[in-house]
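Enquirer: Pasting structure.pdb below, which is PDB, C-alpha atoms and all ligand atoms.
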ATOM      1  CA  MET A   1      27.829 -28.912   2.372
ATOM      2  CA  LYS A   2      26.586 -30.950   5.300
ATOM      3  CA  ILE A   3      23.002 -31.904   6.194
ATOM      4  CA  ILE A   4      22.460 -31.965   9.947
ATOM      5  CA  HIS A   5      19.322 -33.304  11.624
ATOM      6  CA  LYS A   6      20.310 -33.086  15.300
ATOM      7  CA  LYS A   7      20.599 -29.965  17.455
ATOM      8  CA  ALA A   8      23.632 -31.330  19.345
ATOM      9  CA  GLU A   9      25.587 -31.822  16.119
ATOM     10  CA  LEU A  10      24.676 -28.342  14.906
ATOM     11  CA  LYS A  11      25.681 -26.756  18.236
ATOM     12  CA  ALA A  12      29.058 -28.554  18.176
ATOM     13  CA  LEU A  13      29.762 -27.282  14.663
ATOM     14  CA  ILE A  14      28.696 -23.736  15.536
ATOM     15  CA  LYS A  15      31.055 -23.765  18.557
ATOM     16  CA  LYS A  16      34.012 -24.370  16.244
ATOM     17  CA  GLN A  17      33.295 -21.308  14.054
ATOM     18  CA  THR A  18      35.593 -18.329  14.423
ATOM     19  CA  GLY A  19      34.233 -16.125  11.594
ATOM     20  CA  SER A  20      30.852 -14.532  10.951
ATOM     21  CA  ILE A  21      27.759 -16.747  10.762
ATOM     22  CA  GLY A  22      24.739 -16.156   8.514
ATOM     23  CA  LEU A  23      21.383 -17.894   8.993
ATOM     24  CA  VAL A  24      18.681 -18.316   6.349
ATOM     25  CA  PRO A  25      15.548 -19.750   8.029
ATOM     26  CA  THR A  26      13.241 -21.545   5.558
ATOM     27  CA  MET A  27      10.509 -24.151   5.452
ATOM     28  CA  GLY A  28      12.152 -25.767   2.419
ATOM     29  CA  ALA A  29      10.639 -26.200  -1.074
ATOM     30  CA  LEU A  30      13.376 -23.780  -1.985
ATOM     31  CA  HIS A  31      12.972 -21.520  -5.014
ATOM     32  CA  ALA A  32      14.608 -18.493  -6.617
ATOM     33  CA  GLY A  33      13.393 -16.274  -3.764
ATOM     34  CA  HIS A  34      15.198 -18.408  -1.170
ATOM     35  CA  LYS A  35      18.237 -18.621  -3.461
ATOM     36  CA  SER A  36      18.545 -14.830  -3.424
ATOM     37  CA  LEU A  37      18.594 -14.904   0.424
ATOM     38  CA  ILE A  38      21.181 -17.718   0.483
ATOM     39  CA  ASP A  39      23.382 -15.972  -2.139
ATOM     40  CA  LYS A  40      23.353 -12.783  -0.073
ATOM     41  CA  ALA A  41      24.160 -14.691   3.120
ATOM     42  CA  VAL A  42      27.051 -16.499   1.407
ATOM     43  CA  SER A  43      28.447 -13.211   0.066
ATOM     44  CA  GLU A  44      28.348 -11.580   3.521
ATOM     45  CA  ASN A  45      29.431 -14.339   5.947
ATOM     46  CA  ASP A  46      32.202 -16.882   6.539
ATOM     47  CA  PHE A  47      29.778 -19.686   7.445
ATOM     48  CA  VAL A  48      26.131 -20.047   6.367
ATOM     49  CA  VAL A  49      23.402 -22.260   7.829
ATOM     50  CA  VAL A  50      20.142 -22.760   5.915
ATOM     51  CA  SER A  51      17.423 -24.225   8.117
ATOM     52  CA  VAL A  52      14.768 -26.359   6.414
ATOM     53  CA  PHE A  53      11.943 -27.007   8.838
ATOM     54  CA  VAL A  54       8.182 -27.004   8.292
ATOM     55  CA  ASN A  55       7.293 -25.596  11.684
ATOM     56  CA  PRO A  56       4.058 -27.174  12.987
ATOM     57  CA  VAL A  57       3.573 -24.457  15.625
ATOM     58  CA  GLN A  58       2.932 -21.742  13.021
ATOM     59  CA  PHE A  59       0.134 -23.672  11.251
ATOM     60  CA  ALA A  60      -3.483 -23.675  12.478
ATOM     61  CA  PRO A  61      -5.277 -27.075  12.420
ATOM     62  CA  ASN A  62      -7.216 -26.090   9.250
ATOM     63  CA  GLU A  63      -4.071 -25.051   7.363
ATOM     64  CA  ASP A  64      -1.735 -26.863   4.961
ATOM     65  CA  TYR A  65       0.877 -28.272   7.406
ATOM     66  CA  ASP A  66       0.468 -31.879   6.191
ATOM     67  CA  LYS A  67       0.498 -31.064   2.501
ATOM     68  CA  TYR A  68       3.192 -28.341   2.651
ATOM     69  CA  PRO A  69       5.805 -29.411   0.027
ATOM     70  CA  ARG A  70       8.792 -31.258   1.501
ATOM     71  CA  THR A  71      11.633 -31.571  -1.039
ATOM     72  CA  LEU A  72      14.843 -31.936   0.984
ATOM     73  CA  ASP A  73      16.864 -33.748  -1.744
ATOM     74  CA  LYS A  74      16.115 -30.995  -4.280
ATOM     75  CA  ASP A  75      16.691 -28.279  -1.651
ATOM     76  CA  ALA A  76      20.104 -29.768  -0.864
ATOM     77  CA  ILE A  77      21.217 -29.325  -4.492
ATOM     78  CA  LEU A  78      20.204 -25.644  -4.478
ATOM     79  CA  VAL A  79      21.962 -25.029  -1.142
ATOM     80  CA  GLN A  80      25.095 -26.907  -2.252
ATOM     81  CA  ASN A  81      25.238 -24.925  -5.531
ATOM     82  CA  SER A  82      24.797 -21.641  -3.662
ATOM     83  CA  GLY A  83      27.872 -22.330  -1.528
ATOM     84  CA  ALA A  84      26.216 -22.449   1.906
ATOM     85  CA  ASP A  85      27.877 -24.720   4.478
ATOM     86  CA  VAL A  86      25.066 -26.499   6.300
ATOM     87  CA  ILE A  87      21.417 -27.444   5.988
ATOM     88  CA  PHE A  88      19.822 -27.883   9.392
ATOM     89  CA  ALA A  89      16.761 -30.090   8.809
ATOM     90  CA  PRO A  90      15.464 -31.319  12.169
ATOM     91  CA  ALA A  91      12.462 -33.609  12.610
ATOM     92  CA  PRO A  92       9.540 -31.993  14.494
ATOM     93  CA  ASP A  93      10.315 -34.066  17.632
ATOM     94  CA  GLU A  94      13.887 -32.760  17.614
ATOM     95  CA  MET A  95      12.570 -29.187  17.844
ATOM     96  CA  TYR A  96       9.605 -29.684  20.175
ATOM     97  CA  THR A  97       9.138 -31.835  23.273
ATOM     98  CA  ASP A  98       6.408 -34.396  24.024
ATOM     99  CA  ILE A  99       4.020 -31.866  25.511
ATOM    100  CA  TYR A 100       3.640 -30.238  22.111
ATOM    101  CA  PHE A 101       2.688 -33.495  20.390
ATOM    102  CA  LYS A 102       0.391 -34.615  23.252
ATOM    103  CA  GLU A 103      -1.265 -31.329  24.151
ATOM    104  CA  LYS A 104      -0.354 -28.962  21.306
ATOM    105  CA  GLU A 105       1.417 -26.683  23.763
ATOM    106  CA  THR A 106       4.954 -25.403  24.032
ATOM    107  CA  THR A 107       6.664 -22.383  25.541
ATOM    108  CA  LEU A 108       5.947 -19.596  23.082
ATOM    109  CA  VAL A 109       7.548 -16.310  22.114
ATOM    110  CA  CYS A 110       4.490 -14.083  21.636
ATOM    111  CA  ALA A 111       4.519 -10.914  19.580
ATOM    112  CA  PRO A 112       2.474  -7.972  20.948
ATOM    113  CA  TYR A 113      -1.235  -7.984  20.081
ATOM    114  CA  LYS A 114      -0.813  -4.649  18.267
ATOM    115  CA  TYR A 115       1.523  -6.315  15.749
ATOM    116  CA  VAL A 116      -0.490  -9.493  15.225
ATOM    117  CA  ASN A 117      -4.154  -8.482  15.408
ATOM    118  CA  ARG A 118      -4.322  -7.498  11.736
ATOM    119  CA  LEU A 119      -3.292  -8.456   8.206
ATOM    120  CA  CYS A 120      -2.081 -12.087   8.143
ATOM    121  CA  GLY A 121      -2.217 -12.325  11.955
ATOM    122  CA  LYS A 122      -5.983 -11.718  11.917
ATOM    123  CA  SER A 123      -6.814 -14.594   9.586
ATOM    124  CA  ARG A 124      -4.043 -16.844  10.969
ATOM    125  CA  PRO A 125      -4.397 -16.586  14.777
ATOM    126  CA  GLY A 126      -1.276 -17.857  16.564
ATOM    127  CA  HIS A 127       0.763 -17.913  13.343
ATOM    128  CA  PHE A 128       3.242 -15.214  14.317
ATOM    129  CA  ASP A 129       3.731 -16.674  17.809
ATOM    130  CA  GLY A 130       4.747 -19.900  16.077
ATOM    131  CA  VAL A 131       7.093 -17.995  13.769
ATOM    132  CA  CYS A 132       8.682 -15.982  16.620
ATOM    133  CA  THR A 133       9.099 -19.175  18.661
ATOM    134  CA  VAL A 134      10.872 -21.189  15.971
ATOM    135  CA  VAL A 135      12.993 -18.247  14.819
ATOM    136  CA  SER A 136      14.106 -17.627  18.440
ATOM    137  CA  LYS A 137      15.015 -21.303  18.775
ATOM    138  CA  LEU A 138      17.036 -21.138  15.543
ATOM    139  CA  PHE A 139      18.772 -17.961  16.741
ATOM    140  CA  ASN A 140      19.710 -19.750  20.000
ATOM    141  CA  LEU A 141      21.029 -22.795  18.138
ATOM    142  CA  VAL A 142      22.983 -20.998  15.397
ATOM    143  CA  HIS A 143      24.047 -17.714  17.079
ATOM    144  CA  PRO A 144      24.115 -15.929  13.717
ATOM    145  CA  ASN A 145      25.612 -12.480  13.223
ATOM    146  CA  LYS A 146      23.078 -11.896  10.449
ATOM    147  CA  ALA A 147      19.755 -13.546   9.568
ATOM    148  CA  TYR A 148      18.061 -13.178   6.194
ATOM    149  CA  PHE A 149      14.299 -12.795   5.595
ATOM    150  CA  GLY A 150      12.295 -12.057   2.437
ATOM    151  CA  GLU A 151      10.312  -8.836   2.056
ATOM    152  CA  LYS A 152       7.416 -10.844   0.577
ATOM    153  CA  ASP A 153       6.421 -11.806   4.133
ATOM    154  CA  ALA A 154       6.405  -8.136   5.091
ATOM    155  CA  GLN A 155       4.460  -8.466   8.354
ATOM    156  CA  GLN A 156       6.675 -11.384   9.414
ATOM    157  CA  LEU A 157       9.781  -9.302   8.696
ATOM    158  CA  PHE A 158       8.381  -6.367  10.698
ATOM    159  CA  ILE A 159       7.524  -8.627  13.669
ATOM    160  CA  ILE A 160      10.914 -10.380  13.634
ATOM    161  CA  LYS A 161      12.747  -7.040  13.571
ATOM    162  CA  LYS A 162      10.670  -5.937  16.579
ATOM    163  CA  MET A 163      11.339  -9.246  18.366
ATOM    164  CA  VAL A 164      15.090  -8.879  17.861
ATOM    165  CA  GLU A 165      14.960  -5.319  19.210
ATOM    166  CA  GLU A 166      12.607  -6.077  22.116
ATOM    167  CA  LEU A 167      14.285  -9.341  23.216
ATOM    168  CA  ASP A 168      17.833  -7.974  22.779
ATOM    169  CA  PHE A 169      19.009 -10.534  20.253
ATOM    170  CA  ASP A 170      22.404  -9.342  19.040
ATOM    171  CA  ILE A 171      21.607 -10.198  15.411
ATOM    172  CA  GLU A 172      21.317  -8.067  12.289
ATOM    173  CA  ILE A 173      18.128  -8.797  10.346
ATOM    174  CA  VAL A 174      18.804  -8.453   6.626
ATOM    175  CA  PRO A 175      15.674  -7.846   4.492
ATOM    176  CA  CYS A 176      15.859  -9.257   0.943
ATOM    177  CA  PRO A 177      13.734  -7.978  -1.986
ATOM    178  CA  ILE A 178      10.815  -9.952  -3.423
ATOM    179  CA  VAL A 179      11.789 -12.154  -6.377
ATOM    180  CA  ARG A 180       9.154 -12.279  -9.132
ATOM    181  CA  GLU A 181       8.332 -14.479 -12.116
ATOM    182  CA  ASN A 182       8.676 -12.783 -15.551
ATOM    183  CA  ASP A 183       5.011 -11.715 -15.480
ATOM    184  CA  GLY A 184       5.351 -10.213 -11.988
ATOM    185  CA  LEU A 185       3.895 -12.964  -9.761
ATOM    186  CA  ALA A 186       5.826 -13.051  -6.470
ATOM    187  CA  ILE A 187       7.631 -16.388  -6.200
ATOM    188  CA  SER A 188       6.329 -18.565  -3.352
ATOM    189  CA  SER A 189       6.453 -22.243  -2.381
ATOM    190  CA  ARG A 190       2.628 -22.204  -2.385
ATOM    191  CA  ASN A 191       2.541 -21.289  -6.116
ATOM    192  CA  SER A 192       2.951 -25.032  -6.726
ATOM    193  CA  TYR A 193      -0.673 -25.478  -5.536
ATOM    194  CA  LEU A 194      -2.081 -23.190  -8.294
ATOM    195  CA  SER A 195      -4.285 -24.654 -11.019
ATOM    196  CA  GLU A 196      -3.579 -23.534 -14.601
ATOM    197  CA  TYR A 197      -6.349 -20.933 -14.358
ATOM    198  CA  ASP A 198      -5.271 -19.756 -10.877
ATOM    199  CA  ARG A 199      -1.733 -19.277 -12.208
ATOM    200  CA  LYS A 200      -3.043 -17.281 -15.179
ATOM    201  CA  ILE A 201      -4.919 -14.785 -13.035
ATOM    202  CA  ALA A 202      -2.491 -14.771 -10.059
ATOM    203  CA  VAL A 203      -0.565 -12.108 -11.935
ATOM    204  CA  ASN A 204      -3.459  -9.670 -11.248
ATOM    205  CA  ILE A 205      -2.166  -9.271  -7.688
ATOM    206  CA  SER A 206       1.136  -7.741  -8.766
ATOM    207  CA  LEU A 207      -0.570  -5.810 -11.599
ATOM    208  CA  ALA A 208      -2.931  -4.280  -9.036
ATOM    209  CA  LEU A 209      -0.010  -3.276  -6.811
ATOM    210  CA  LYS A 210       1.803  -1.713  -9.778
ATOM    211  CA  LYS A 211      -1.339   0.254 -10.680
ATOM    212  CA  ALA A 212      -1.605   1.544  -7.087
ATOM    213  CA  LYS A 213       2.054   2.593  -7.225
ATOM    214  CA  GLU A 214       1.422   4.502 -10.467
ATOM    215  CA  LEU A 215      -1.644   6.244  -9.007
ATOM    216  CA  TYR A 216       0.257   7.138  -5.825
ATOM    217  CA  ALA A 217       3.077   8.636  -7.947
ATOM    218  CA  SER A 218       0.482  10.649  -9.887
ATOM    219  CA  GLY A 219      -0.664  12.284  -6.621
ATOM    220  CA  ILE A 220      -3.487  10.039  -5.357
ATOM    221  CA  LYS A 221      -2.730   9.618  -1.643
ATOM    222  CA  ASP A 222      -6.161   8.635  -0.326
ATOM    223  CA  SER A 223      -5.861   5.015   0.859
ATOM    224  CA  GLN A 224      -9.508   4.134   0.163
ATOM    225  CA  VAL A 225      -9.272   5.253  -3.486
ATOM    226  CA  LEU A 226      -6.107   3.184  -3.942
ATOM    227  CA  ILE A 227      -7.654   0.167  -2.184
ATOM    228  CA  ASP A 228     -10.843   0.361  -4.315
ATOM    229  CA  THR A 229      -8.752   0.435  -7.509
ATOM    230  CA  VAL A 230      -6.795  -2.622  -6.417
ATOM    231  CA  PHE A 231      -9.999  -4.416  -5.428
ATOM    232  CA  SER A 232     -11.304  -3.998  -9.001
ATOM    233  CA  TYR A 233      -8.359  -6.144 -10.229
ATOM    234  CA  LEU A 234      -9.184  -8.919  -7.759
ATOM    235  CA  LYS A 235     -12.891  -9.511  -8.411
ATOM    236  CA  GLU A 236     -12.398 -13.248  -8.971
ATOM    237  CA  PHE A 237     -10.371 -13.704  -5.768
ATOM    238  CA  ASP A 238     -11.589 -14.224  -2.231
ATOM    239  CA  VAL A 239      -9.809 -11.184  -0.819
ATOM    240  CA  ASP A 240      -8.584 -11.532   2.773
ATOM    241  CA  TYR A 241      -7.211  -7.978   2.970
ATOM    242  CA  ILE A 242      -5.978  -5.054   0.920
ATOM    243  CA  GLN A 243      -4.312  -2.550   3.220
ATOM    244  CA  ILE A 244      -2.006   0.417   3.163
ATOM    245  CA  VAL A 245       0.265   0.714   6.195
ATOM    246  CA  SER A 246       3.060   2.996   7.286
ATOM    247  CA  LYS A 247       6.551   1.520   6.960
ATOM    248  CA  GLU A 248       7.416   2.640  10.493
ATOM    249  CA  ASP A 249       4.756   0.878  12.569
ATOM    250  CA  PHE A 250       2.802  -1.199  10.060
ATOM    251  CA  CYS A 251      -0.436   0.539  11.142
ATOM    252  CA  PRO A 252      -3.085   1.339   8.503
ATOM    253  CA  ILE A 253      -3.076   4.907   7.216
ATOM    254  CA  ILE A 254      -5.873   6.938   5.679
ATOM    255  CA  LYS A 255      -3.848   9.487   3.725
ATOM    256  CA  ALA A 256      -0.364   8.361   2.850
ATOM    257  CA  ASP A 257       1.957  11.353   2.719
ATOM    258  CA  LYS A 258       5.169   9.353   3.187
ATOM    259  CA  PRO A 259       5.460   6.391   0.743
ATOM    260  CA  PRO A 260       3.600   3.572   2.520
ATOM    261  CA  VAL A 261       3.465  -0.180   1.868
ATOM    262  CA  MET A 262       0.428  -1.710   0.215
ATOM    263  CA  LEU A 263      -0.279  -5.337   1.164
ATOM    264  CA  ILE A 264      -2.622  -7.913  -0.323
ATOM    265  CA  ALA A 265      -3.688 -11.404   0.752
ATOM    266  CA  ALA A 266      -6.207 -13.188  -1.456
ATOM    267  CA  LYS A 267      -7.304 -16.738  -2.229
ATOM    268  CA  THR A 268      -7.414 -17.904  -5.854
ATOM    269  CA  PRO A 269     -10.794 -18.974  -7.295
ATOM    270  CA  GLU A 270     -10.073 -22.619  -8.164
ATOM    271  CA  ASN A 271      -7.644 -24.141  -5.665
ATOM    272  CA  HIS A 272      -8.177 -21.459  -2.975
ATOM    273  CA  VAL A 273      -4.432 -20.836  -2.688
ATOM    274  CA  ARG A 274      -3.774 -17.958  -0.306
ATOM    275  CA  LEU A 275      -1.299 -15.644  -2.036
ATOM    276  CA  ILE A 276       0.325 -12.628  -0.407
ATOM    277  CA  ASP A 277       2.246  -9.779  -1.988
ATOM    278  CA  ASN A 278       3.197  -6.209  -1.177
ATOM    279  CA  MET A 279       4.840  -3.168  -2.681
ATOM    280  CA  GLU A 280       6.160   0.132  -1.427
ATOM    281  CA  LEU A 281       4.073   2.865  -3.128
TER     282      LEU A 281
HETATM  283  O1  LIG B 301       9.042 -17.531   6.165
HETATM  284  C1  LIG B 301       9.129 -18.738   6.467
HETATM  285  O2  LIG B 301       9.425 -19.595   5.622
HETATM  286  C2  LIG B 301       8.870 -19.182   7.894
HETATM  287  O3  LIG B 301       7.844 -18.445   8.479
HETATM  288  C3  LIG B 301      10.132 -19.153   8.785
HETATM  289  C4  LIG B 301      10.658 -17.750   8.958
HETATM  290  C5  LIG B 301      11.197 -20.040   8.162
HETATM  291  C6  LIG B 301       9.809 -19.709  10.176
HETATM  292  O4  LIG B 301       9.323 -21.003  10.112
END
Kindly return the structure encoded in the file as structure tokens.
Expert:
Amino acid sequence: MKIIHKKAELKALIKKQTGSIGLVPTMGALHAGHKSLIDKAVSENDFVVVSVFVNPVQFAPNEDYDKYPRTLDKDAILVQNSGADVIFAPAPDEMYTDIYFKEKETTLVCAPYKYVNRLCGKSRPGHFDGVCTVVSKLFNLVHPNKAYFGEKDAQQLFIIKKMVEELDFDIEIVPCPIVRENDGLAISSRNSYLSEYDRKIAVNISLALKKAKELYASGIKDSQVLIDTVFSYLKEFDVDYIQIVSKEDFCPIIKADKPPVMLIAAKTPENHVRLIDNMEL
């Protein structure tokens, strides 16, 4: 397994490949969720690149860009043990030109307003443009046949699938299921910010989703009733959103006849860690 920091070196290596290429884009601080993506990529491709890059363009000034965990040495062990071929870990100034660092501007790939004006896009303006931009750059550098994304970031996955379709990228997007701790908490790099108490009650998010799934199976299809039930599990959290959307267009629905997706984003009471989770009902 090779760690590459420069685009030119990565491009030269990619040029030599004759088999299928898999890409797993990450921001590092790799955990069991990322490992499941890497394992799948390794099982389905001849050559696998894992990118490790905390992308400044997808963070707003008030967000956790500076303190986002950076653990490249540990990440390298996980990637090596999973059998992937390359970690691409560029420095920010390898990915973006001077104008970004001087004026906070770069050429952006912007997702349609309809996809980004709600859920995480509403509380994180510009976030998905930053994601689409860096993912497009990685696609152009790696030319993968398949790229792997977790279902935990459900809106991100939806937007990337749309981007691939609408910008004619010839890449298969492979969704990978959420990996959970034993008690049900969705695994995330940001879980490392949780205080002991936050961690104890963080499980309520997945318990609430499970309850909504049970109620939906028992015949309750009214979104507001399901949302109110979930809200009662999250009284101690600062809830950003609880929404039920259709799988097809990610738009909110009032009465869910076809199994929809329920999504939650909420900040924990002590360390204000913004956790997201979702479940198909
Ligand atoms: O999901 C993430 O970790 C990031 O948003 C991604 C897709 C690696 C782009 O920076």
Enquirer: Translate the PyMOL selection byres (((chain A and resi 209) around 9) and not hetatm) into a concrete residue list for this structure, as a compact mmCIF listing (two decimals) with C-alpha atoms, in the coordinates of the input.
Expert:
# COMPACT_ATOMS: atom_id res chain seq x y z
CA ASN A 204 -3.46 -9.67 -11.25
CA ILE A 205 -2.17 -9.27 -7.69
CA SER A 206 1.14 -7.74 -8.77
CA LEU A 207 -0.57 -5.81 -11.60
CA ALA A 208 -2.93 -4.28 -9.04
CA LYS A 210 1.80 -1.71 -9.78
CA LYS A 211 -1.34 0.25 -10.68
CA ALA A 212 -1.60 1.54 -7.09
CA LYS A 213 2.05 2.59 -7.22
CA GLU A 214 1.42 4.50 -10.47
CA VAL A 230 -6.80 -2.62 -6.42
CA MET A 262 0.43 -1.71 0.22
CA LEU A 263 -0.28 -5.34 1.16
CA ILE A 264 -2.62 -7.91 -0.32
CA ASP A 277 2.25 -9.78 -1.99
CA ASN A 278 3.20 -6.21 -1.18
CA MET A 279 4.84 -3.17 -2.68
CA GLU A 280 6.16 0.13 -1.43
CA LEU A 281 4.07 2.86 -3.13
Enquirer: Show me, as JSON lines, the residues of chain A having an atom within 8 Å of ligand LIG 301 (chain B), each with the closest atom pair and its distance in Å, using all atoms listed in the file.
Expert:
{"residue": "A:Val24", "atom": "CA", "partner": "B:LIG301", "partner_atom": "C5", "distance": 7.9}
{"residue": "A:Pro25", "atom": "CA", "partner": "B:LIG301", "partner_atom": "C5", "distance": 4.4}
{"residue": "A:Thr26", "atom": "CA", "partner": "B:LIG301", "partner_atom": "C5", "distance": 3.6}
{"residue": "A:Met27", "atom": "CA", "partner": "B:LIG301", "partner_atom": "O2", "distance": 4.7}
{"residue": "A:Gly28", "atom": "CA", "partner": "B:LIG301", "partner_atom": "O2", "distance": 7.5}
{"residue": "A:Ser51", "atom": "CA", "partner": "B:LIG301", "partner_atom": "C5", "distance": 7.5}
{"residue": "A:Val52", "atom": "CA", "partner": "B:LIG301", "partner_atom": "C5", "distance": 7.5}
{"residue": "A:Phe53", "atom": "CA", "partner": "B:LIG301", "partner_atom": "O4", "distance": 6.7}
{"residue": "A:Val54", "atom": "CA", "partner": "B:LIG301", "partner_atom": "O4", "distance": 6.4}
{"residue": "A:Asn55", "atom": "CA", "partner": "B:LIG301", "partner_atom": "O4", "distance": 5.3}
{"residue": "A:Gln58", "atom": "CA", "partner": "B:LIG301", "partner_atom": "O4", "distance": 7.1}
{"residue": "A:Gly130", "atom": "CA", "partner": "B:LIG301", "partner_atom": "O4", "distance": 7.6}
{"residue": "A:Val131", "atom": "CA", "partner": "B:LIG301", "partner_atom": "C6", "distance": 4.8}
{"residue": "A:Cys132", "atom": "CA", "partner": "B:LIG301", "partner_atom": "C6", "distance": 7.5}
{"residue": "A:Val134", "atom": "CA", "partner": "B:LIG301", "partner_atom": "O4", "distance": 6.1}
{"residue": "A:Val135", "atom": "CA", "partner": "B:LIG301", "partner_atom": "C6", "distance": 5.8}
{"residue": "A:Phe149", "atom": "CA", "partner": "B:LIG301", "partner_atom": "C4", "distance": 7.0}
{"residue": "A:Gly150", "atom": "CA", "partner": "B:LIG301", "partner_atom": "O1", "distance": 7.4}
{"residue": "A:Asp153", "atom": "CA", "partner": "B:LIG301", "partner_atom": "O1", "distance": 6.6}
{"residue": "A:Gln156", "atom": "CA", "partner": "B:LIG301", "partner_atom": "O3", "distance": 7.2}
Enquirer: Report, in Å to a single decimal, how far apart atom CA of A:Asp66 and atom CA of A:Asp198 are.
Expert: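 Answer for the atom CA of A:Asp198 to atom CA of A:Asp66 separation: 21.7 Å.
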Enquirer: Name the closest residue to A:Phe169 among the candidates A:Leu108, A:Leu138, A:Leu10, A:Ala266; distances are taken between atoms, counting only C-alpha atoms.
Expert: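 Ranked by minimum distance to A:Phe169, first place goes to A:Leu138.
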Enquirer: Write out as JSON lines a residue-level contact list of stretch 154-272 of chain A versus stretch 35-49 of chain A with cut-off 12 Å: for each qualifying residue the closest pair of atoms and the distance in Å to one decimal, counting all atoms listed in the file, rows sorted by chain and residue number upward.
Expert:
{"residue": "A:Glu172", "atom": "CA", "partner": "A:Ala41", "partner_atom": "CA", "distance": 11.7}
{"residue": "A:Ile173", "atom": "CA", "partner": "A:Ala41", "partner_atom": "CA", "distance": 11.1}
{"residue": "A:Val174", "atom": "CA", "partner": "A:Ala41", "partner_atom": "CA", "distance": 8.9}
{"residue": "A:Pro175", "atom": "CA", "partner": "A:Leu37", "partner_atom": "CA", "distance": 8.7}
{"residue": "A:Cys176", "atom": "CA", "partner": "A:Leu37", "partner_atom": "CA", "distance": 6.3}
{"residue": "A:Pro177", "atom": "CA", "partner": "A:Ser36", "partner_atom": "CA", "distance": 8.5}
{"residue": "A:Ile178", "atom": "CA", "partner": "A:Ser36", "partner_atom": "CA", "distance": 9.1}
{"residue": "A:Val179", "atom": "CA", "partner": "A:Ser36", "partner_atom": "CA", "distance": 7.8}
{"residue": "A:Arg180", "atom": "CA", "partner": "A:Ser36", "partner_atom": "CA", "distance": 11.3}
{"residue": "A:Ile187", "atom": "CA", "partner": "A:Lys35", "partner_atom": "CA", "distance": 11.2}
{"residue": "A:Ser188", "atom": "CA", "partner": "A:Lys35", "partner_atom": "CA", "distance": 11.9}
Enquirer: Take the residues just selected and output them with C-alpha atoms as an mmCIF file, in the coordinates of the input.
Expert:
data_model
loop_
_atom_site.group_PDB
_atom_site.id
_atom_site.type_symbol
_atom_site.label_atom_id
_atom_site.label_comp_id
_atom_site.auth_asym_id
_atom_site.auth_seq_id
_atom_site.Cartn_x
_atom_site.Cartn_y
_atom_site.Cartn_z
ATOM 1 C CA GLU A 172 21.317 -8.067 12.289
ATOM 2 C CA ILE A 173 18.128 -8.797 10.346
ATOM 3 C CA VAL A 174 18.804 -8.453 6.626
ATOM 4 C CA PRO A 175 15.674 -7.846 4.492
ATOM 5 C CA CYS A 176 15.859 -9.257 0.943
ATOM 6 C CA PRO A 177 13.734 -7.978 -1.986
ATOM 7 C CA ILE A 178 10.815 -9.952 -3.423
ATOM 8 C CA VAL A 179 11.789 -12.154 -6.377
ATOM 9 C CA ARG A 180 9.154 -12.279 -9.132
ATOM 10 C CA ILE A 187 7.631 -16.388 -6.200
ATOM 11 C CA SER A 188 6.329 -18.565 -3.352
#
Enquirer: Would you mind telling me which residue in A:Thr133, A:Ser223, A:Asn140, A:Ser189 lies nearest to A:Met163 when using only C-alpha atoms?
Expert: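 Checking each of A:Thr133, A:Ser223, A:Asn140, A:Ser189 against A:Met163, counting only C-alpha atoms, the winner is A:Thr133.
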Enquirer: Using atom CA of A:Asp249 and atom CA of A:Glu166 as the two end points, give the distance in Å to one decimal.
Expert: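 These atoms are spaced 14.2 Å apart.
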Enquirer: Specify as number ranges by chain each residue included when the PyMOL selection byres (((chain A and resi 65) around 12) and not hetatm) is applied to this file.
Expert: A: 27, 53-64, 66-70, 92, 127, 190
Enquirer: Taking into account all atoms listed in the file, which residue in the set A:Ile99, A:Val245, A:Ile254, A:Ile21 is nearest to A:Ile171?
Expert: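 When distances to A:Ile171 are compared using all atoms listed in the file, the smallest one comes from A:Ile21.
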Enquirer: Enumerate, as a VMD selection string, the residues matched when the PyMOL selection byres (((chain A and resi 200) around 12) and not hetatm) is run on the file above.
Expert: chain A and resid 183 to 185 191 194 to 199 201 to 205 236 268 to 270
Enquirer: Taking N, CA, C and O atoms as the atom set, what does stretch 210-215 of chain A look like once completed, written as a short mmCIF file (atom, residue, chain, number, x, y, z; two decimals), in the coordinates of the input?
Expert:
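Final output, saved to part_18.cif:
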data_model
loop_
_atom_site.label_atom_id
_atom_site.label_comp_id
_atom_site.auth_asym_id
_atom_site.auth_seq_id
_atom_site.Cartn_x
_atom_site.Cartn_y
_atom_site.Cartn_z
N LYS A 210 1.09 -2.65 -8.88
CA LYS A 210 1.80 -1.71 -9.78
C LYS A 210 0.91 -0.53 -10.12
O LYS A 210 1.37 0.61 -10.19
N LYS A 211 -0.38 -0.81 -10.35
CA LYS A 211 -1.34 0.25 -10.68
C LYS A 211 -1.43 1.23 -9.50
O LYS A 211 -1.41 2.45 -9.69
N ALA A 212 -1.51 0.68 -8.27
CA ALA A 212 -1.60 1.54 -7.09
C ALA A 212 -0.35 2.41 -6.98
O ALA A 212 -0.42 3.60 -6.63
N LYS A 213 0.79 1.84 -7.30
CA LYS A 213 2.05 2.59 -7.22
C LYS A 213 2.04 3.76 -8.22
O LYS A 213 2.43 4.87 -7.90
N GLU A 214 1.52 3.46 -9.43
CA GLU A 214 1.42 4.50 -10.47
C GLU A 214 0.50 5.62 -10.00
O GLU A 214 0.82 6.80 -10.13
N LEU A 215 -0.66 5.24 -9.45
CA LEU A 215 -1.64 6.24 -9.01
C LEU A 215 -1.06 7.09 -7.88
O LEU A 215 -1.23 8.31 -7.84
#
